[in-house]
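Pasted below: model32.cif, mmCIF, C-alpha atoms and all ligand atoms.
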```cif
data_protein
#
loop_
_atom_site.label_atom_id
_atom_site.label_comp_id
_atom_site.auth_asym_id
_atom_site.auth_seq_id
_atom_site.Cartn_x
_atom_site.Cartn_y
_atom_site.Cartn_z
CA MET A 1 11.79 76.37 6.32
CA THR A 2 15.05 78.17 5.81
CA THR A 3 15.09 81.07 3.38
CA ALA A 4 18.17 81.86 1.30
CA PRO A 5 19.21 85.50 0.97
CA ALA A 6 18.01 87.01 -2.33
CA THR A 7 20.41 86.89 -5.27
CA GLY A 8 22.77 89.83 -5.11
CA ALA A 9 22.21 90.28 -1.38
CA PRO A 10 25.38 89.96 0.66
CA VAL A 11 25.90 86.52 2.15
CA ASP A 12 27.89 85.79 5.23
CA LEU A 13 28.58 82.59 7.06
CA SER A 14 25.72 83.27 9.50
CA ASP A 15 23.46 82.26 6.62
CA LEU A 16 24.92 78.75 6.80
CA GLY A 17 24.23 78.81 10.52
CA THR A 18 20.62 79.65 9.83
CA ALA A 19 20.31 76.56 7.64
CA GLY A 20 22.22 74.45 10.16
CA VAL A 21 23.01 71.85 7.50
CA VAL A 22 25.05 72.23 4.32
CA PRO A 23 24.39 69.51 1.73
CA VAL A 24 27.59 68.60 -0.14
CA LEU A 25 26.87 67.68 -3.75
CA VAL A 26 29.05 65.78 -6.22
CA VAL A 27 27.49 65.76 -9.70
CA ASP A 28 28.44 64.59 -13.17
CA ASP A 29 26.01 66.83 -15.04
CA ALA A 30 24.36 70.19 -14.54
CA ALA A 31 20.79 68.87 -14.87
CA THR A 32 21.29 66.52 -11.91
CA GLY A 33 22.71 69.41 -9.91
CA LEU A 34 19.65 71.48 -10.66
CA ARG A 35 17.25 68.68 -9.74
CA ALA A 36 19.13 67.98 -6.52
CA ALA A 37 19.07 71.66 -5.54
CA ALA A 38 15.34 71.78 -6.26
CA ALA A 39 14.71 68.66 -4.16
CA LEU A 40 16.74 70.05 -1.26
CA ALA A 41 14.75 73.29 -1.42
CA ASP A 42 11.50 71.28 -1.54
CA GLY A 43 12.68 69.60 1.65
CA GLY A 44 13.15 72.99 3.30
CA LEU A 45 16.91 73.27 2.77
CA PRO A 46 17.63 75.85 0.05
CA VAL A 47 21.40 75.54 0.42
CA VAL A 48 23.90 73.51 -1.58
CA GLU A 49 27.66 73.21 -1.81
CA VAL A 50 28.65 72.02 -5.29
CA THR A 51 32.06 70.37 -5.08
CA PHE A 52 34.71 71.20 -7.64
CA ARG A 53 35.62 67.57 -8.04
CA THR A 54 33.95 66.84 -11.35
CA ALA A 55 34.13 68.33 -14.81
CA ALA A 56 30.46 69.28 -14.50
CA ALA A 57 30.85 71.19 -11.23
CA ARG A 58 31.19 74.63 -12.78
CA ASP A 59 28.17 74.17 -15.06
CA ALA A 60 26.07 72.69 -12.26
CA LEU A 61 26.91 75.61 -10.00
CA ALA A 62 26.14 78.11 -12.75
CA ALA A 63 22.81 76.38 -13.49
CA VAL A 64 21.72 76.47 -9.86
CA ALA A 65 22.82 80.11 -9.50
CA ALA A 66 20.91 81.11 -12.64
CA GLU A 67 17.77 79.00 -12.27
CA ARG A 68 17.30 78.89 -8.51
CA PRO A 69 17.82 82.35 -7.01
CA ASP A 70 16.05 81.05 -3.91
CA VAL A 71 18.90 78.61 -3.26
CA LEU A 72 22.11 79.67 -1.51
CA VAL A 73 24.71 78.00 -3.71
CA GLY A 74 28.38 77.69 -2.88
CA ALA A 75 31.43 75.86 -4.15
CA GLY A 76 33.22 73.06 -2.32
CA THR A 77 36.58 71.33 -2.74
CA VAL A 78 38.07 74.67 -3.76
CA ILE A 79 41.82 74.28 -3.35
CA THR A 80 43.34 76.93 -5.65
CA ALA A 81 42.88 80.66 -6.22
CA ALA A 82 42.00 79.88 -9.86
CA GLN A 83 39.13 77.70 -8.67
CA VAL A 84 37.92 80.56 -6.46
CA ASP A 85 37.68 82.70 -9.60
CA ALA A 86 35.92 79.95 -11.56
CA ALA A 87 33.48 79.36 -8.72
CA VAL A 88 32.66 83.02 -8.12
CA ASP A 89 32.35 83.69 -11.86
CA ALA A 90 29.85 80.80 -12.03
CA GLY A 91 27.79 82.33 -9.22
CA ALA A 92 29.14 80.80 -6.01
CA ARG A 93 28.06 82.83 -3.00
CA PHE A 94 30.34 81.07 -0.53
CA VAL A 95 33.46 78.94 -0.86
CA VAL A 96 34.44 75.82 1.10
CA SER A 97 37.80 74.08 1.11
CA PRO A 98 38.91 70.80 2.67
CA GLY A 99 42.06 72.49 3.99
CA LEU A 100 43.52 75.87 4.79
CA SER A 101 45.19 77.62 1.85
CA VAL A 102 46.22 81.22 2.41
CA ALA A 103 45.96 81.81 -1.34
CA VAL A 104 42.35 80.58 -1.38
CA VAL A 105 41.40 82.67 1.65
CA GLU A 106 43.00 85.79 0.18
CA ARG A 107 41.37 85.35 -3.22
CA CYS A 108 37.97 84.88 -1.57
CA ARG A 109 38.49 88.15 0.27
CA GLU A 110 39.46 89.89 -2.97
CA ARG A 111 36.33 88.50 -4.62
CA GLY A 112 34.13 89.39 -1.66
CA VAL A 113 32.82 85.90 -0.87
CA PRO A 114 32.83 84.29 2.56
CA VAL A 115 35.21 81.36 2.85
CA LEU A 116 35.11 78.31 5.06
CA PRO A 117 38.51 76.60 5.01
CA GLY A 118 39.10 73.19 6.53
CA VAL A 119 41.08 72.59 9.70
CA ALA A 120 42.01 69.35 11.43
CA THR A 121 44.42 70.48 14.15
CA ALA A 122 44.98 73.29 16.66
CA THR A 123 47.86 74.50 14.51
CA ASP A 124 45.48 74.88 11.56
CA VAL A 125 43.08 76.80 13.81
CA ILE A 126 45.82 79.22 14.86
CA THR A 127 46.63 79.86 11.20
CA ALA A 128 42.93 80.51 10.54
CA LEU A 129 42.77 82.96 13.44
CA ASP A 130 45.93 84.70 12.18
CA LEU A 131 44.07 85.19 8.89
CA GLY A 132 41.22 86.83 10.77
CA LEU A 133 38.73 84.00 10.25
CA HIS A 134 35.94 83.41 12.73
CA ALA A 135 34.54 80.16 11.35
CA VAL A 136 36.20 77.05 9.95
CA LYS A 137 35.21 73.68 8.62
CA LEU A 138 36.41 70.72 10.70
CA PHE A 139 37.43 68.04 8.21
CA PRO A 140 37.21 65.09 8.18
CA ALA A 141 35.09 65.47 11.30
CA SER A 142 34.34 61.82 12.04
CA VAL A 143 37.97 60.79 11.52
CA VAL A 144 39.55 63.50 13.69
CA GLY A 145 37.36 62.61 16.68
CA GLY A 146 33.75 63.57 16.01
CA PRO A 147 31.87 65.79 18.49
CA SER A 148 34.61 65.18 21.10
CA ALA A 149 37.15 66.76 18.76
CA VAL A 150 34.90 69.80 18.30
CA LYS A 151 34.60 70.17 22.07
CA ALA A 152 38.33 69.78 22.61
CA LEU A 153 39.23 72.29 19.90
CA SER A 154 36.59 74.76 21.09
CA ALA A 155 38.08 75.04 24.57
CA PRO A 156 41.25 77.00 23.68
CA PHE A 157 39.55 78.99 20.93
CA PRO A 158 36.39 80.56 22.38
CA GLY A 159 34.35 82.42 19.81
CA LEU A 160 35.50 80.28 16.89
CA ARG A 161 32.63 78.53 15.08
CA PHE A 162 32.97 75.12 13.44
CA VAL A 163 31.23 73.47 10.52
CA PRO A 164 32.10 69.79 11.00
CA THR A 165 32.02 67.86 7.73
CA GLY A 166 33.11 64.38 6.69
CA GLY A 167 31.46 61.16 7.78
CA ILE A 168 28.36 62.86 9.23
CA ASP A 169 24.91 61.42 8.58
CA ALA A 170 21.34 61.71 9.81
CA SER A 171 22.10 59.77 12.96
CA SER A 172 25.15 61.81 14.02
CA ALA A 173 24.30 65.35 12.85
CA GLY A 174 22.38 66.21 16.03
CA ASP A 175 25.34 65.33 18.26
CA TYR A 176 27.40 68.01 16.54
CA LEU A 177 24.60 70.56 16.26
CA ALA A 178 23.94 70.42 19.98
CA LEU A 179 27.39 71.95 20.61
CA PRO A 180 27.34 75.75 20.96
CA SER A 181 30.50 76.21 18.88
CA VAL A 182 28.94 74.40 15.91
CA LEU A 183 27.57 76.80 13.32
CA ALA A 184 26.31 74.07 10.98
CA VAL A 185 27.22 70.60 9.80
CA GLY A 186 28.05 69.61 6.24
CA GLY A 187 27.55 66.31 4.52
CA SER A 188 26.62 64.38 1.43
CA TRP A 189 24.14 62.00 3.03
CA MET A 190 21.10 63.93 1.73
CA VAL A 191 22.39 63.80 -1.84
CA GLU A 192 24.01 60.38 -1.83
CA LYS A 193 25.41 59.35 -5.18
CA SER A 194 23.14 56.29 -5.44
CA LEU A 195 20.02 58.47 -4.98
CA LEU A 196 21.14 60.84 -7.73
CA ALA A 197 21.98 57.93 -10.04
CA ALA A 198 18.54 56.40 -9.43
CA GLY A 199 16.80 59.75 -9.92
CA ASP A 200 15.26 59.38 -6.46
CA PHE A 201 14.80 63.09 -5.76
CA ASP A 202 11.82 62.39 -3.48
CA GLU A 203 14.25 60.70 -1.13
CA VAL A 204 16.63 63.68 -1.40
CA ALA A 205 13.77 65.95 -0.32
CA ARG A 206 12.80 63.55 2.47
CA ARG A 207 16.37 63.47 3.80
CA ALA A 208 16.60 67.27 3.59
CA ARG A 209 13.38 67.58 5.60
CA ALA A 210 14.70 65.12 8.21
CA ALA A 211 17.97 67.07 8.42
CA VAL A 212 16.12 70.36 8.99
CA GLU A 213 14.08 68.69 11.71
CA ALA A 214 17.20 67.19 13.31
CA ALA A 215 18.87 70.62 13.32
CA ALA A 216 15.83 72.23 14.93
CA ALA A 217 15.62 69.49 17.55
CA ALA A 218 19.32 69.72 18.38
CA ARG A 219 19.12 73.50 18.84
CA PRO A 220 15.70 73.75 20.46
CA THR A 221 15.91 76.89 22.56
CA THR A 222 14.96 79.51 20.01
CA GLY A 223 13.85 77.44 17.02
CA ALA A 224 15.11 77.12 13.45
CA GLY A 225 16.41 80.30 11.85
CA THR A 226 17.14 82.06 15.10
CA SER A 227 18.80 79.27 17.04
CA ALA A 228 21.98 79.59 19.01
CA GLY A 229 23.81 78.01 16.12
CA ALA A 230 22.77 80.80 13.79
CA GLY A 231 24.60 83.56 15.60
CA ALA A 232 26.45 86.22 13.64
CA VAL A 233 29.83 85.28 12.22
CA ALA A 234 32.19 87.95 10.99
CA ARG A 235 34.10 87.15 7.82
O1 LIG A 301 34.96 68.77 -0.82
C1 LIG A 301 35.32 69.32 0.19
O2 LIG A 301 35.52 70.55 0.29
C2 LIG A 301 35.56 68.48 1.36
O3 LIG A 301 36.19 68.91 2.27
C3 LIG A 301 35.02 67.17 1.45
C4 LIG A 301 33.51 67.06 1.65
O4 LIG A 301 33.02 68.09 2.42
C5 LIG A 301 33.24 65.76 2.25
O5 LIG A 301 33.74 64.78 1.39
C6 LIG A 301 31.82 65.47 2.53
O6 LIG A 301 31.89 64.38 3.39
P1 LIG A 301 30.83 63.20 3.42
O7 LIG A 301 29.58 63.76 3.96
O8 LIG A 301 31.47 62.19 4.32
O9 LIG A 301 30.70 62.71 2.00
#
```

Starting from the file, lay out its structure as structure tokens.
Ligand SMILES: O=C(O)C(=O)C[C@H](O)[C@H](O)COP(=O)(O)O
Amino acid sequence: MTTAPATGAPVDLSDLGTAGVVPVLVVDDAATGLRAAAALADGGLPVVEVTFRTAAARDALAAVAAERPDVLVGAGTVITAAQVDAAVDAGARFVVSPGLSVAVVERCRERGVPVLPGVATATDVITALDLGLHAVKLFPASVVGGPSAVKALSAPFPGLRFVPTGGIDASSAGDYLALPSVLAVGGSWMVEKSLLAAGDFDEVARRARAAVEAAAAARPTTGAGTSAGAGAVAR
């Protein structure tokens, strides 16, 4: 069971490494967001990235932040500095972007929240390093080459940690998590749209539990919470 840092406590990206898996949520109403976050926590994964793709995203994020202080809630699909402000004002404790925007990174720094921008190429990685980042999201991970792409990009950039996201599911998560440069994996498979629409939150909890187990099995040496993948990451 992963424990989220208490509300108000500083969060850094190592906390995502501790979880090992970042569920990516797309919701059309705040109540569904709240139920999904509760089901994920029931499954031992008190972490959720609420994507800023829907009109309800802000309210869903705010509801989770207010009602579930035990859950580490962040914002995803953040592509403008204005969205950083909206997300942080709603209670986001980390920010994720599909790509690398200097404006987003700088606003996150100003607001004091850790940011995980997306990269897909070595050129993107160099830009991230120039900005002083130590961890990036690899997106879309399955399209840019899967675990082989992580390995290839890790070679010239030792010390950089990756959070592969995009096209990952229960069957492929372990292949990424077994790589030492992988901090965590992200994905929507635990909170699939059809499950939310059907109100099948038991299945959300079951998938969260399976994901936690897969992460622990892929990083077996020191166990969940203190595994190699959970090493410290500077902002
Ligand atoms: O919204 C963002 O910030 C993104 O970069 C995209 C999401 O992380 C992926 O869409 C999740 O991918 P799936 O697990 O394949 O659904």

Next item on the list: Rank A:Pro46, A:Pro23, A:Pro156, A:Gly132 by their smallest atom-to-atom distance to ligand LIG 301 (chain A), using only C-alpha atoms and all ligand atoms, and report the top residue only.
Entry: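 Closest candidate: A:Pro23.
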
Checklist line | Nearby polymer residues, ligand LIG 301 (chain A), at most 10 Å, all atoms listed in the file, as a PyMOL selection string | finding: chain A and resi 22-26+49-53+75-79+95-99+116-119+137-143+163-169+185-193

Notebook entry, point to check: Out of A:Ser101, A:Ala38, A:Leu45, A:Ala81, which residue has the shortest atom-to-atom distance to Ala63 in chain A when counting only C-alpha atoms?
Noted result: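 Smallest distance to Ala63 in chain A is found for A:Ala38.
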
Up to 7 Å from (21.8, 72.2, -6.4) in the file's coordinates: name the residues, counting all atoms listed in the file, as a PDB file with C-alpha atoms, in the frame of the given file.
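Now in selection31.pdb:
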```pdb
ATOM      1  CA  GLY A  33      22.710  69.410  -9.910  1.00  0.00           C
ATOM      2  CA  LEU A  34      19.650  71.480 -10.660  1.00  0.00           C
ATOM      3  CA  ARG A  35      17.250  68.680  -9.740  1.00  0.00           C
ATOM      4  CA  ALA A  36      19.130  67.980  -6.520  1.00  0.00           C
ATOM      5  CA  ALA A  37      19.070  71.660  -5.540  1.00  0.00           C
ATOM      6  CA  ALA A  38      15.340  71.780  -6.260  1.00  0.00           C
ATOM      7  CA  VAL A  48      23.900  73.510  -1.580  1.00  0.00           C
ATOM      8  CA  VAL A  50      28.650  72.020  -5.290  1.00  0.00           C
ATOM      9  CA  VAL A  64      21.720  76.470  -9.860  1.00  0.00           C
TER      10      VAL A  64
END
```

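Minimum atom-to-atom distances from A:Leu61, A:Leu183, A:Leu13, A:Ala128 to Asp89 in chain A were compared using all atoms listed in the file, and the lowest value belongs to A:Leu61.
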
Next item on the list: May I have the residues within 6 Å of range 207-213 of chain A as a ChimeraX atom specification, using all atoms listed in the file and disregarding those fewer than 3 positions away in the same chain?
Entry: /A:40,43-44,190,204,216
